[in-house]
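Notes follow once the structure below has been shown.
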Amino acid sequence: QVQLVESGGGLVQAGGSLRLTCAASGRTFSSEHMCWCRQAPGNEREFVAGSRWSGTSTFYTDSAKGRFTIPGDNAGNTMYLQMNSLKPEDTAVYYCAAERRTTYYSNSYLYTTKGVYDYWGQGTQVTVSS
């Protein structure tokens with residue numbers, strides 16, 4: 001059974017940093033796309049960033065550009081999201097997700113279409129205080 005488990009969330013002051021981890025088990029990922037999404041209370045789940053599991057082809061939404069990065073030091077079946085200069089509006093539950101097989105969709109499709117992703121984690125809460 002494939003599982004994705006997020007960790008690293010918590011309470012941080014505005015301007016602070018957090019590093020989220022997405023650990024996969026049950027299979028090995030390599031060229032498949034993965035993404036980070038978030039959902040604040042009352043809002044739809046939205047994309048934040050993504051890449052291939054190998055760490056290539058990274059993509060960031062406007063809300064993440066310049067502040068969030070998917071580091072290149074991903075370790076095997078683990079992916080990270082480094083979040084700097086956090087703002088109160090970044091408060092949300094953060095999820096990682098992965099596709100079952102490698103696809104070659106455009107970024108405009110990959111990072112607007114949740115149905116691309118077959119596996120989802122349970123989420124980790126990020127709270128940014130002002």
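Just remember, in the structure tokens the first chain shown is A, the second B, etc., residues are 1-based per chain, and ligands are 1-based in the order shown.
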Counting only C-alpha atoms, which residues of segment 60-130 of chain A fall within 8 Å of segment 18-26 of chain A, and what is the closest atom pair for each with its distance in Å at one decimal, ordered by chain and rising number, as JSON lines?
{"residue": "A:Asn77", "atom": "CA", "partner": "A:Ala24", "partner_atom": "CA", "distance": 5.4}
{"residue": "A:Thr78", "atom": "CA", "partner": "A:Ala23", "partner_atom": "CA", "distance": 4.5}
{"residue": "A:Met79", "atom": "CA", "partner": "A:Cys22", "partner_atom": "CA", "distance": 5.0}
{"residue": "A:Tyr80", "atom": "CA", "partner": "A:Thr21", "partner_atom": "CA", "distance": 4.5}
{"residue": "A:Leu81", "atom": "CA", "partner": "A:Leu20", "partner_atom": "CA", "distance": 5.0}
{"residue": "A:Gln82", "atom": "CA", "partner": "A:Arg19", "partner_atom": "CA", "distance": 4.4}
{"residue": "A:Met83", "atom": "CA", "partner": "A:Leu18", "partner_atom": "CA", "distance": 5.2}
{"residue": "A:Asn84", "atom": "CA", "partner": "A:Leu18", "partner_atom": "CA", "distance": 6.7}
{"residue": "A:Cys96", "atom": "CA", "partner": "A:Cys22", "partner_atom": "CA", "distance": 6.3}
Those residues you just picked out, can you put them in a file as a CSV table (one decimal), in the first residue's frame with C-alpha atoms?
chain,number,residue,atom,x,y,z
A,77,ASN,CA,11.6,8.6,-1.5
A,78,THR,CA,11.5,11.8,0.5
A,79,MET,CA,10.6,15.2,-0.8
A,80,TYR,CA,10.8,18.6,1.0
A,81,LEU,CA,9.3,22.0,0.8
A,82,GLN,CA,11.4,24.8,2.3
A,83,MET,CA,9.2,27.7,3.2
A,84,ASN,CA,10.9,31.1,4.1
A,96,CYS,CA,1.8,16.3,-0.7
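Assigned to strand (DSSP E or B) in segment 36-96 of chain A, given DSSP computed from backbone atoms, are Trp36, Cys37, Arg38, Gln39, Glu46, Phe47, Val48, Ala49, Gly50, Ser51, Arg52, Phe59, Tyr60, Phe68, Thr69, Thr78, Met79, Tyr80, Leu81, Gln82, Met83, Ala92, Val93, Tyr94, Tyr95 and Cys96 of chain A.
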Handout entry: For Gly123 of chain A: contacts at 10 Å, only C-alpha atoms, fewer than 3 positions along chain excluded, given as JSON, numbers by chain
Key = {"A": [4, 5, 6, 7, 9, 22, 36, 37, 38, 39, 92, 93, 94, 95, 96, 97, 120, 126]}
Please produce an output containing C-alpha atoms for each residue in the selection, written as a PDB file, in the first residue's frame.
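Now in out.pdb:
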ATOM      1  CA  LEU A   4       2.610   9.607   1.733  1.00  0.00           C
ATOM      2  CA  VAL A   5       3.235  11.129   5.135  1.00  0.00           C
ATOM      3  CA  GLU A   6       3.823  14.842   5.646  1.00  0.00           C
ATOM      4  CA  SER A   7       5.608  16.279   8.642  1.00  0.00           C
ATOM      5  CA  GLY A   9       4.394  21.725  10.165  1.00  0.00           C
ATOM      6  CA  CYS A  22       6.863  14.212   2.446  1.00  0.00           C
ATOM      7  CA  TRP A  36       2.551  20.415  -2.569  1.00  0.00           C
ATOM      8  CA  CYS A  37      -0.938  21.810  -2.022  1.00  0.00           C
ATOM      9  CA  ARG A  38      -2.534  23.635   0.858  1.00  0.00           C
ATOM     10  CA  GLN A  39      -6.020  24.209   2.153  1.00  0.00           C
ATOM     11  CA  ALA A  92      -3.204  26.135   6.046  1.00  0.00           C
ATOM     12  CA  VAL A  93      -2.982  22.364   6.073  1.00  0.00           C
ATOM     13  CA  TYR A  94      -0.243  21.395   3.626  1.00  0.00           C
ATOM     14  CA  TYR A  95      -0.519  18.196   1.609  1.00  0.00           C
ATOM     15  CA  CYS A  96       1.847  16.348  -0.677  1.00  0.00           C
ATOM     16  CA  ALA A  97       0.591  14.244  -3.536  1.00  0.00           C
ATOM     17  CA  TRP A 120      -2.306  12.034  -1.165  1.00  0.00           C
ATOM     18  CA  VAL A 126       1.167  25.220   9.269  1.00  0.00           C
TER      19      VAL A 126
END
Handout entry: Residue set, chain A restricted to alpha helix (DSSP H), as a list in words
Key = Asn107, Ser108, Tyr109 and Leu110 of chain A
Exercise for the section: May I ask which of the residues A:Gln122, A:Cys35, A:Thr28, A:Ser17 is the closest one to Ala98 of chain A, counting only C-alpha atoms? Expected result: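 Between A:Gln122, A:Cys35, A:Thr28, A:Ser17, the residue approaching Ala98 of chain A most closely is A:Cys35.
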Exercise for the section: Rank nothing, just name the residue among A:Gly50, A:Gly8, A:Pro88, A:Gly42 nearest to Asn107 of chain A, using only C-alpha atoms. Expected result: A:Gly50
Exercise for the section: Calculate how many Å separate atom CA of Ala40 of chain A from atom CA of Ser108 of chain A, rounding to one decimal. Expected result: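 Spanning atom CA of Ala40 of chain A to atom CA of Ser108 of chain A is a straight-line distance of 22.3 Å.
Between Leu110 of chain A and the candidates A:Thr124, A:Ser51, A:Gln3, A:Ser63, the tightest atom-to-atom separation, counting only C-alpha atoms, involves A:Ser51.
For the atom pair formed by atom CA of Thr113 of chain A and atom CA of Ser85 of chain A, the distance is 27.1 Å, given to one decimal.
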Problem - Two-atom distance - atom CA of Ser30 of chain A, atom CA of Trp53 of chain A (Å) - result: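 Going from atom CA of Ser30 of chain A over to atom CA of Trp53 of chain A, I get 5.1 Å.
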